[in-house]
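Since the structure comes first, as structure tokens, the remarks are kept for the end.
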Amino acid sequence: MNSQQTLLAVAESYLQDVVAPNAAILDQDPDALKTALKGLGSRHLLGLKLPEPWGTVDPQTAWEIQEAIARYSGALGFLQTQHQSAGSAISRSQNQALKAEYLPHLATGKRLLGIGFSHWRRQGNPLVKALPIPGGFLLSGTVPWVTGFGIFHEVVLGAELPDHRAVYGIIPLVNCQKSGGQITWNAPMSLAAMQSTQTVSGILEQWFLPEEKLLFMQPAGWIHESDRKTVLNNTCLLLGCARAGLDIIAAIAQKKPLPGIAAAFNALDRQVIICRQNIQQLLFHQSREELDTWYSQALLLRVQAIDLAYKTAQGAITVSSGASNLGESQAGRVYPEALVFGVSGQTSAVMEATLAQLMRSP
């Protein structure tokens, strides 16, 4: 067994023995979720997108570990991917001092960060603006969505410069005032799923981002090209959620030996296996030199993964019958997790492709 297989085995053992039995609690209790996140960190599982020597996982193994996390706890899967994305952003920075400060501590969770740049995908006036001043930038505006308040210490934030370039830096994920500037984070939102992830919005008022906390700047419109290249990244969460739905169907098939349940499991299981194989082939073994061709295939697979997360969750609800309405129902937990993962990182193209899938005649 090589080091990558060993790390995947370590993840599976922790998830099955510790996380899965407490999945319902992790969905509701922020402290329990934070403890589970630290459990990933103590096993060096929070640096899956970091280069060596800070992270030692190849991309496919990293994808499979995140798939497994989402399978056993959607809340933990969603929370950890925020930190992994922040780590990836830091690792791409040219700010060597900042990298030296953060990178050695990300995989173990000694430094925990969230992300705040989903607003870049919104059309219209920028929600967060950055004004260049000597030594850094003044940030002002509304951050509509940051996950991990009270769990993460800081957040990688994106803001727009007057020339429409994007500036990325690290700011505190706590309410604070400094040098005439202020950050105010609102109370955690009431969500239909994963309430424990502590998702908040915030207001920045003339907050000074020093150059020491600057990651990088990007040209105007860069995020749309980035979204095309990363359209398959969250399929690990979608297929992990699909596998969670299948686990429920398989368990109930043992209690209710009805031929329809077994047939549904076999059909859906086969669809998930094929979709997973196709995604991994395209994501890890196919060149992206012809990006338009690659992207057209990837977009279809992203929509298939969304569809499978929805179908398996609905299958879990169906076979659970009325018990799916109970508060402790596993199916009742997985169903809204599919809702979250289905729209995570959603672009206009993903939305349109998903709607097209829904409108196809059966």
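Residue numbering restarts at 1 for every chain of the structure tokens, chains are lettered A, B, ... in their displayed order, and ligands are numbered from 1 as they appear.
The neighbours of Ala331 of chain A here are the residues that come within 10 Å of it, using only C-alpha atoms and leaving out any residue fewer than 4 positions away in the same chain; they are Ala244, Gly245, Asp247, Ile248, Ile249, Thr312, Ala313, Gln314, Gly315, Ala316, Ile317, Thr318, Val319, Ser320, Ser321, Ala323, Ser324, Asn325, Leu326, Gly327, Tyr335, Pro336 and Glu337 of chain A.
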Could you tell me how far atom CA of Phe78 of chain A lies from atom CA of Leu355 of chain A, in Å and to one decimal?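 Distance reported for this atom pair: 23.3 Å.
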Name the residues of segment 185-348 of chain A that fall into helix (DSSP H, G or I) according to DSSP on the backbone, using the chain letters and numbers of this document, as a ChimeraX atom specification. /A:195-197,211-213,222-229,235-255,259-285,291-325,330-343,348
Within 7 Å of Lys49 of chain A, counting only C-alpha atoms, which residues show up once you throw out same-chain ones fewer than 5 positions away? Write them as an MDAnalysis selection string, please. chainID A and resid 55 84 87:88
For Leu232 of chain A, which residue among A:Arg302, A:Lys256, A:His119, A:Arg165 is the nearest when counting only C-alpha atoms?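 For Leu232 of chain A, the nearest of the given residues is A:Arg302.
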Near-Tyr168 of chain A list (6 Å; only C-alpha atoms; drop same-chain fewer than 6 positions) as a PDB file with all heavy atoms, in the first residue's frame:
ATOM      1  N   LEU A 157     -10.678  36.669   0.903  1.00  0.00           N
ATOM      2  CA  LEU A 157     -11.732  37.516   0.338  1.00  0.00           C
ATOM      3  C   LEU A 157     -11.307  38.065  -1.013  1.00  0.00           C
ATOM      4  O   LEU A 157     -10.147  38.421  -1.219  1.00  0.00           O
ATOM      5  CB  LEU A 157     -12.032  38.678   1.288  1.00  0.00           C
ATOM      6  CG  LEU A 157     -13.134  39.634   0.833  1.00  0.00           C
ATOM      7  CD1 LEU A 157     -14.502  38.999   1.045  1.00  0.00           C
ATOM      8  CD2 LEU A 157     -13.048  40.969   1.569  1.00  0.00           C
ATOM      9  N   GLY A 158     -12.276  38.158  -1.923  1.00  0.00           N
ATOM     10  CA  GLY A 158     -12.047  38.794  -3.216  1.00  0.00           C
ATOM     11  C   GLY A 158     -12.760  40.128  -3.286  1.00  0.00           C
ATOM     12  O   GLY A 158     -13.896  40.264  -2.805  1.00  0.00           O
ATOM     13  N   LEU A 215      -2.770  38.139  -1.413  1.00  0.00           N
ATOM     14  CA  LEU A 215      -2.397  36.906  -2.092  1.00  0.00           C
ATOM     15  C   LEU A 215      -1.973  37.180  -3.524  1.00  0.00           C
ATOM     16  O   LEU A 215      -0.878  36.837  -3.946  1.00  0.00           O
ATOM     17  CB  LEU A 215      -3.561  35.905  -2.090  1.00  0.00           C
ATOM     18  CG  LEU A 215      -4.049  35.397  -0.742  1.00  0.00           C
ATOM     19  CD1 LEU A 215      -5.119  34.332  -0.942  1.00  0.00           C
ATOM     20  CD2 LEU A 215      -2.905  34.834   0.077  1.00  0.00           C
ATOM     21  N   PHE A 216      -2.869  37.799  -4.286  1.00  0.00           N
ATOM     22  CA  PHE A 216      -2.572  38.088  -5.686  1.00  0.00           C
ATOM     23  C   PHE A 216      -3.664  38.972  -6.252  1.00  0.00           C
ATOM     24  O   PHE A 216      -4.704  39.201  -5.624  1.00  0.00           O
ATOM     25  CB  PHE A 216      -2.457  36.808  -6.528  1.00  0.00           C
ATOM     26  CG  PHE A 216      -3.492  35.757  -6.233  1.00  0.00           C
ATOM     27  CD1 PHE A 216      -4.832  35.944  -6.571  1.00  0.00           C
ATOM     28  CD2 PHE A 216      -3.136  34.575  -5.593  1.00  0.00           C
ATOM     29  CE1 PHE A 216      -5.788  34.980  -6.297  1.00  0.00           C
ATOM     30  CE2 PHE A 216      -4.090  33.602  -5.314  1.00  0.00           C
ATOM     31  CZ  PHE A 216      -5.413  33.809  -5.671  1.00  0.00           C
TER      32      PHE A 216
END
Would you list the contacts of segment 123-130 of chain A as a PyMOL selection string, taking every protein, DNA or RNA residue within 7 Å and counting only C-alpha atoms, but skipping same-chain residues closer than 2 positions in sequence? chain A and resi 119+121+132+137-143+159-161
Excluding same-chain residues fewer than 4 positions from segment 172-183 of chain A, what lies within 9 Å of it counting only C-alpha atoms, as a ChimeraX atom specification? /A:113-114,138-139,146,148-150,152-156,202-208
Atoms kept (all heavy atoms) for selection, written as a compact mmCIF listing (two decimals), in the first residue's frame:
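The resulting again00.txt:
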# COMPACT_ATOMS: atom_id res chain seq x y z
N LEU A 113 -9.11 28.57 7.58
CA LEU A 113 -9.62 29.70 6.83
C LEU A 113 -10.81 29.30 5.98
O LEU A 113 -10.92 28.16 5.54
CB LEU A 113 -8.55 30.27 5.89
CG LEU A 113 -7.28 30.84 6.50
CD1 LEU A 113 -6.19 29.79 6.53
CD2 LEU A 113 -6.81 32.06 5.73
N GLY A 114 -11.70 30.27 5.75
CA GLY A 114 -12.80 30.09 4.83
C GLY A 114 -12.54 30.88 3.55
O GLY A 114 -11.44 31.41 3.34
N LEU A 138 -8.12 49.67 0.75
CA LEU A 138 -9.28 49.84 1.61
C LEU A 138 -10.44 49.06 1.02
O LEU A 138 -10.80 49.25 -0.14
CB LEU A 138 -9.65 51.32 1.73
CG LEU A 138 -8.75 52.20 2.60
CD1 LEU A 138 -9.28 53.64 2.63
CD2 LEU A 138 -8.65 51.65 4.02
N LEU A 139 -11.02 48.17 1.81
CA LEU A 139 -12.10 47.31 1.36
C LEU A 139 -13.43 47.80 1.92
O LEU A 139 -13.55 48.08 3.12
CB LEU A 139 -11.87 45.87 1.82
CG LEU A 139 -10.52 45.24 1.48
CD1 LEU A 139 -10.47 43.81 2.02
CD2 LEU A 139 -10.27 45.26 -0.02
N VAL A 146 -20.26 33.69 3.60
CA VAL A 146 -19.03 33.08 4.10
C VAL A 146 -19.42 31.98 5.07
O VAL A 146 -20.23 32.19 5.98
CB VAL A 146 -18.12 34.10 4.81
CG1 VAL A 146 -16.96 33.40 5.50
CG2 VAL A 146 -17.58 35.13 3.82
N GLY A 148 -18.44 29.09 8.00
CA GLY A 148 -17.46 28.74 9.02
C GLY A 148 -17.25 29.78 10.11
O GLY A 148 -16.23 29.74 10.80
N PHE A 149 -18.21 30.68 10.31
CA PHE A 149 -18.06 31.68 11.37
C PHE A 149 -17.98 30.98 12.73
O PHE A 149 -18.78 30.11 13.05
CB PHE A 149 -19.25 32.64 11.35
CG PHE A 149 -19.11 33.79 12.31
CD1 PHE A 149 -18.28 34.85 12.01
CD2 PHE A 149 -19.79 33.80 13.51
CE1 PHE A 149 -18.15 35.92 12.88
CE2 PHE A 149 -19.68 34.86 14.39
CZ PHE A 149 -18.85 35.92 14.08
N GLY A 150 -16.99 31.34 13.52
CA GLY A 150 -16.77 30.70 14.81
C GLY A 150 -15.97 29.42 14.70
O GLY A 150 -15.61 28.82 15.72
N PHE A 152 -13.69 28.93 11.49
CA PHE A 152 -12.50 29.46 10.85
C PHE A 152 -12.07 30.76 11.52
O PHE A 152 -12.90 31.50 12.06
CB PHE A 152 -12.78 29.73 9.36
CG PHE A 152 -13.14 28.51 8.57
CD1 PHE A 152 -14.10 28.57 7.58
CD2 PHE A 152 -12.52 27.29 8.80
CE1 PHE A 152 -14.44 27.45 6.83
CE2 PHE A 152 -12.84 26.16 8.07
CZ PHE A 152 -13.81 26.25 7.08
N HIS A 153 -10.77 31.03 11.45
CA HIS A 153 -10.25 32.23 12.07
C HIS A 153 -10.22 33.41 11.09
O HIS A 153 -10.35 34.57 11.50
CB HIS A 153 -8.81 32.00 12.56
CG HIS A 153 -8.65 30.75 13.36
ND1 HIS A 153 -7.62 29.85 13.17
CD2 HIS A 153 -9.42 30.22 14.35
CE1 HIS A 153 -7.75 28.84 14.01
NE2 HIS A 153 -8.83 29.04 14.73
N GLU A 154 -10.05 33.11 9.81
CA GLU A 154 -9.89 34.14 8.79
C GLU A 154 -10.57 33.68 7.51
O GLU A 154 -11.03 32.54 7.41
CB GLU A 154 -8.39 34.40 8.52
CG GLU A 154 -7.64 34.92 9.73
CD GLU A 154 -6.13 34.86 9.53
OE1 GLU A 154 -5.60 33.74 9.43
OE2 GLU A 154 -5.51 35.93 9.47
N VAL A 155 -10.60 34.57 6.53
CA VAL A 155 -11.24 34.26 5.26
C VAL A 155 -10.44 34.87 4.12
O VAL A 155 -9.93 35.99 4.24
CB VAL A 155 -12.71 34.75 5.25
CG1 VAL A 155 -12.80 36.24 5.49
CG2 VAL A 155 -13.40 34.38 3.95
N VAL A 156 -10.30 34.12 3.03
CA VAL A 156 -9.71 34.65 1.81
C VAL A 156 -10.83 35.36 1.05
O VAL A 156 -11.80 34.75 0.62
CB VAL A 156 -9.11 33.53 0.93
CG1 VAL A 156 -8.63 34.09 -0.41
CG2 VAL A 156 -7.95 32.86 1.65
N GLY A 202 -21.54 39.64 5.73
CA GLY A 202 -20.76 40.63 6.47
C GLY A 202 -20.69 41.97 5.75
O GLY A 202 -20.98 42.07 4.55
N ILE A 203 -20.31 42.98 6.50
CA ILE A 203 -20.16 44.33 5.95
C ILE A 203 -18.75 44.83 6.25
O ILE A 203 -18.29 44.77 7.40
CB ILE A 203 -21.20 45.29 6.56
CG1 ILE A 203 -22.62 44.81 6.23
CG2 ILE A 203 -20.99 46.72 6.04
CD1 ILE A 203 -23.70 45.62 6.92
N LEU A 204 -18.09 45.30 5.22
CA LEU A 204 -16.75 45.90 5.36
C LEU A 204 -16.87 47.41 5.19
O LEU A 204 -17.47 47.89 4.22
CB LEU A 204 -15.80 45.35 4.30
CG LEU A 204 -15.61 43.83 4.24
CD1 LEU A 204 -14.67 43.46 3.10
CD2 LEU A 204 -15.05 43.31 5.55
N GLU A 205 -16.31 48.14 6.12
CA GLU A 205 -16.32 49.60 6.06
C GLU A 205 -14.89 50.11 6.18
O GLU A 205 -14.30 50.11 7.26
CB GLU A 205 -17.18 50.17 7.19
CG GLU A 205 -18.64 49.70 7.16
CD GLU A 205 -19.42 50.19 8.37
OE1 GLU A 205 -19.82 51.37 8.37
OE2 GLU A 205 -19.61 49.38 9.31
N GLN A 206 -14.33 50.48 5.03
CA GLN A 206 -12.99 51.05 4.97
C GLN A 206 -11.97 50.17 5.70
O GLN A 206 -11.11 50.66 6.45
CB GLN A 206 -12.99 52.46 5.58
CG GLN A 206 -13.90 53.45 4.86
CD GLN A 206 -13.38 53.80 3.47
OE1 GLN A 206 -12.31 54.36 3.32
NE2 GLN A 206 -14.17 53.48 2.46
N TRP A 207 -12.09 48.85 5.50
CA TRP A 207 -11.16 47.94 6.16
C TRP A 207 -9.83 47.92 5.41
O TRP A 207 -9.78 47.71 4.20
CB TRP A 207 -11.73 46.53 6.23
CG TRP A 207 -10.80 45.60 6.95
CD1 TRP A 207 -9.95 44.69 6.39
CD2 TRP A 207 -10.58 45.51 8.36
NE1 TRP A 207 -9.22 44.05 7.37
CE2 TRP A 207 -9.59 44.54 8.59
CE3 TRP A 207 -11.15 46.18 9.45
CZ2 TRP A 207 -9.16 44.21 9.87
CZ3 TRP A 207 -10.72 45.84 10.73
CH2 TRP A 207 -9.72 44.87 10.93
N PHE A 208 -8.75 48.13 6.15
CA PHE A 208 -7.42 48.19 5.53
C PHE A 208 -6.85 46.79 5.36
O PHE A 208 -6.67 46.05 6.34
CB PHE A 208 -6.48 49.03 6.39
CG PHE A 208 -5.08 49.11 5.82
CD1 PHE A 208 -4.85 49.63 4.56
CD2 PHE A 208 -3.99 48.66 6.56
CE1 PHE A 208 -3.56 49.70 4.03
CE2 PHE A 208 -2.70 48.72 6.05
CZ PHE A 208 -2.49 49.24 4.79
So what do you get for atom CA of Trp63 of chain A versus atom CA of Ile25 of chain A, distance-wise?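 These atoms are spaced 24.9 Å apart.
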Quick one: residues within 10 Å of segment 3-15 of chain A, only C-alpha atoms, excluding same-chain residues fewer than 3 positions away - as a CSV table (one decimal) with all heavy atoms, in the first residue's frame?
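Ended up saving to part_15.csv:
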chain,number,residue,atom,x,y,z
A,18,VAL,N,-15.9,7.3,13.3
A,18,VAL,CA,-16.2,8.5,14.1
A,18,VAL,C,-17.2,9.4,13.5
A,18,VAL,O,-18.2,9.9,14.2
A,18,VAL,CB,-14.9,9.3,14.3
A,18,VAL,CG1,-15.1,10.5,15.2
A,18,VAL,CG2,-13.8,8.4,15.0
A,19,VAL,N,-17.1,9.7,12.2
A,19,VAL,CA,-18.0,10.7,11.6
A,19,VAL,C,-19.4,10.2,11.3
A,19,VAL,O,-20.4,10.8,11.7
A,19,VAL,CB,-17.3,11.3,10.3
A,19,VAL,CG1,-18.3,12.2,9.6
A,19,VAL,CG2,-16.1,12.1,10.7
A,20,ALA,N,-19.5,9.0,10.6
A,20,ALA,CA,-20.8,8.5,10.2
A,20,ALA,C,-21.7,8.3,11.4
A,20,ALA,O,-22.9,8.7,11.3
A,20,ALA,CB,-20.6,7.2,9.5
A,21,PRO,N,-21.3,7.8,12.5
A,21,PRO,CA,-22.3,7.6,13.6
A,21,PRO,C,-22.9,8.9,14.2
A,21,PRO,O,-23.9,8.9,14.9
A,21,PRO,CB,-21.5,6.8,14.7
A,21,PRO,CG,-20.3,6.2,14.0
A,21,PRO,CD,-20.0,7.2,12.9
A,22,ASN,N,-22.2,10.0,13.9
A,22,ASN,CA,-22.6,11.3,14.5
A,22,ASN,C,-23.0,12.3,13.4
A,22,ASN,O,-23.0,13.5,13.6
A,22,ASN,CB,-21.4,11.9,15.3
A,22,ASN,CG,-21.0,11.0,16.5
A,22,ASN,OD1,-21.8,10.8,17.4
A,22,ASN,ND2,-19.8,10.5,16.4
A,23,ALA,N,-23.3,11.8,12.2
A,23,ALA,CA,-23.6,12.6,11.1
A,23,ALA,C,-24.8,13.6,11.4
A,23,ALA,O,-24.8,14.8,11.0
A,23,ALA,CB,-23.9,11.8,9.8
A,36,ALA,N,-15.0,17.6,14.6
A,36,ALA,CA,-14.8,16.6,13.5
A,36,ALA,C,-13.8,17.2,12.5
A,36,ALA,O,-13.0,16.4,11.9
A,36,ALA,CB,-16.1,16.3,12.8
A,39,GLY,N,-10.5,16.7,13.7
A,39,GLY,CA,-10.1,15.3,13.5
A,39,GLY,C,-9.5,15.0,12.2
A,39,GLY,O,-8.6,14.2,12.0
A,40,LEU,N,-10.0,15.7,11.2
A,40,LEU,CA,-9.4,15.6,9.8
A,40,LEU,C,-8.0,16.2,9.9
A,40,LEU,O,-7.1,15.6,9.3
A,40,LEU,CB,-10.3,16.3,8.8
A,40,LEU,CG,-11.6,15.8,8.4
A,40,LEU,CD1,-12.4,16.7,7.5
A,40,LEU,CD2,-11.5,14.4,7.8
A,43,ARG,N,-5.2,14.2,11.3
A,43,ARG,CA,-4.8,13.1,10.4
A,43,ARG,C,-4.2,13.6,9.1
A,43,ARG,O,-4.1,12.9,8.1
A,43,ARG,CB,-6.0,12.2,10.1
A,43,ARG,CG,-6.5,11.4,11.3
A,43,ARG,CD,-7.9,10.9,11.2
A,43,ARG,NE,-8.2,10.1,12.4
A,43,ARG,CZ,-8.6,10.6,13.5
A,43,ARG,NH1,-8.7,11.9,13.7
A,43,ARG,NH2,-8.9,9.8,14.5
A,44,HIS,N,-3.9,14.9,9.1
A,44,HIS,CA,-3.2,15.6,8.0
A,44,HIS,C,-4.1,15.5,6.7
A,44,HIS,O,-3.6,15.3,5.6
A,44,HIS,CB,-1.9,15.0,7.7
A,44,HIS,CG,-0.9,15.4,8.7
A,44,HIS,ND1,0.1,16.4,8.6
A,44,HIS,CD2,-0.7,14.9,10.0
A,44,HIS,CE1,0.8,16.5,9.7
A,44,HIS,NE2,0.4,15.6,10.6
A,45,LEU,N,-5.4,15.7,6.9
A,45,LEU,CA,-6.4,15.6,5.8
A,45,LEU,C,-6.9,16.9,5.3
A,45,LEU,O,-7.9,17.0,4.6
A,45,LEU,CB,-7.5,14.6,6.1
A,45,LEU,CG,-7.1,13.2,6.4
A,45,LEU,CD1,-8.3,12.4,7.0
A,45,LEU,CD2,-6.7,12.5,5.1
A,56,THR,N,0.7,16.3,0.4
A,56,THR,CA,1.4,15.2,-0.3
A,56,THR,C,0.4,14.3,-1.0
A,56,THR,O,0.7,13.1,-1.3
A,56,THR,CB,2.2,14.3,0.7
A,56,THR,OG1,1.3,13.8,1.7
A,56,THR,CG2,3.3,15.1,1.4
A,57,VAL,N,-0.7,14.8,-1.4
A,57,VAL,CA,-1.7,14.0,-2.0
A,57,VAL,C,-1.8,14.3,-3.5
A,57,VAL,O,-1.8,15.5,-3.9
A,57,VAL,CB,-3.1,14.2,-1.4
A,57,VAL,CG1,-4.2,13.4,-2.0
A,57,VAL,CG2,-3.0,13.9,0.1
A,58,ASP,N,-1.9,13.3,-4.4
A,58,ASP,CA,-2.1,13.6,-5.8
A,58,ASP,C,-3.6,14.0,-6.0
A,58,ASP,O,-4.5,13.7,-5.2
A,58,ASP,CB,-1.8,12.3,-6.6
A,58,ASP,CG,-2.8,11.2,-6.4
A,58,ASP,OD1,-2.7,10.4,-5.5
A,58,ASP,OD2,-3.7,11.2,-7.3
A,60,GLN,N,-6.2,13.1,-7.8
A,60,GLN,CA,-7.2,12.1,-7.8
A,60,GLN,C,-7.5,11.5,-6.4
A,60,GLN,O,-8.7,11.4,-6.0
A,60,GLN,CB,-6.9,10.9,-8.7
A,60,GLN,CG,-8.0,9.9,-8.9
A,60,GLN,CD,-7.8,8.9,-10.0
A,60,GLN,OE1,-7.1,9.2,-11.0
A,60,GLN,NE2,-8.4,7.8,-9.9
A,61,THR,N,-6.5,11.3,-5.6
A,61,THR,CA,-6.7,10.8,-4.2
A,61,THR,C,-7.3,11.9,-3.4
A,61,THR,O,-8.2,11.6,-2.6
A,61,THR,CB,-5.3,10.4,-3.6
A,61,THR,OG1,-4.7,9.4,-4.4
A,61,THR,CG2,-5.5,9.8,-2.2
A,62,ALA,N,-7.0,13.1,-3.6
A,62,ALA,CA,-7.6,14.2,-2.9
A,62,ALA,C,-9.1,14.3,-3.2
A,62,ALA,O,-9.9,14.5,-2.4
A,62,ALA,CB,-6.9,15.6,-3.3
A,64,GLU,N,-11.0,11.8,-4.2
A,64,GLU,CA,-11.6,10.6,-3.6
A,64,GLU,C,-11.8,10.8,-2.1
A,64,GLU,O,-12.8,10.3,-1.5
A,64,GLU,CB,-10.8,9.4,-3.9
A,64,GLU,CG,-10.9,9.0,-5.4
A,64,GLU,CD,-10.0,7.8,-5.8
A,64,GLU,OE1,-9.3,7.3,-4.9
A,64,GLU,OE2,-10.0,7.4,-6.9
A,65,ILE,N,-10.8,11.4,-1.4
A,65,ILE,CA,-11.0,11.7,0.0
A,65,ILE,C,-12.2,12.6,0.3
A,65,ILE,O,-13.0,12.4,1.2
A,65,ILE,CB,-9.7,12.2,0.6
A,65,ILE,CG1,-8.6,11.1,0.6
A,65,ILE,CG2,-9.9,12.7,2.0
A,65,ILE,CD1,-7.2,11.5,1.1
A,66,GLN,N,-12.3,13.7,-0.5
A,66,GLN,CA,-13.3,14.6,-0.3
A,66,GLN,C,-14.7,14.0,-0.7
A,66,GLN,O,-15.7,14.3,-0.1
A,66,GLN,CB,-13.1,15.9,-1.2
A,66,GLN,CG,-11.9,16.7,-0.7
A,66,GLN,CD,-11.9,18.1,-1.3
A,66,GLN,OE1,-12.5,19.0,-0.7
A,66,GLN,NE2,-11.1,18.2,-2.4
A,68,ALA,N,-15.4,10.9,-0.1
A,68,ALA,CA,-15.7,10.0,1.1
A,68,ALA,C,-16.2,10.9,2.2
A,68,ALA,O,-17.2,10.5,2.9
A,68,ALA,CB,-14.5,9.3,1.5
A,69,ILE,N,-15.6,12.1,2.4
A,69,ILE,CA,-16.1,12.9,3.5
A,69,ILE,C,-17.5,13.3,3.3
A,69,ILE,O,-18.4,13.2,4.2
A,69,ILE,CB,-15.2,14.2,3.6
A,69,ILE,CG1,-13.8,13.8,4.0
A,69,ILE,CG2,-15.8,15.1,4.7
A,69,ILE,CD1,-12.8,15.0,3.9
A,70,ALA,N,-17.9,13.7,2.0
A,70,ALA,CA,-19.3,14.1,1.7
A,70,ALA,C,-20.2,12.9,1.9
A,70,ALA,O,-21.4,13.1,2.2
A,70,ALA,CB,-19.3,14.7,0.3
A,71,ARG,N,-19.7,11.7,1.6
A,71,ARG,CA,-20.6,10.5,1.8
A,71,ARG,C,-21.0,10.3,3.2
A,71,ARG,O,-22.2,10.0,3.5
A,71,ARG,CB,-19.8,9.3,1.3
A,71,ARG,CG,-20.6,8.0,1.5
A,71,ARG,CD,-19.7,6.8,1.0
A,71,ARG,NE,-20.4,5.6,1.0
A,71,ARG,CZ,-19.9,4.4,0.6
A,71,ARG,NH1,-18.7,4.4,0.1
A,71,ARG,NH2,-20.6,3.3,0.7
A,72,TYR,N,-20.2,10.6,4.2
A,72,TYR,CA,-20.5,10.3,5.6
A,72,TYR,C,-21.0,11.5,6.3
A,72,TYR,O,-21.6,11.3,7.4
A,72,TYR,CB,-19.2,9.7,6.2
A,72,TYR,CG,-18.9,8.4,5.6
A,72,TYR,CD1,-17.7,8.2,4.8
A,72,TYR,CD2,-19.7,7.2,5.8
A,72,TYR,CE1,-17.4,7.0,4.3
A,72,TYR,CE2,-19.4,6.0,5.3
A,72,TYR,CZ,-18.2,5.9,4.5
A,72,TYR,OH,-17.9,4.7,3.9
A,73,SER,N,-20.7,12.7,5.9
A,73,SER,CA,-21.3,13.9,6.5
A,73,SER,C,-21.2,15.0,5.5
A,73,SER,O,-20.1,15.5,5.2
A,73,SER,CB,-20.5,14.3,7.7
A,73,SER,OG,-20.9,15.6,8.2
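For the pair atom CA of Gln28 of chain A and atom CA of Val340 of chain A, the interatomic distance is 15.0 Å.
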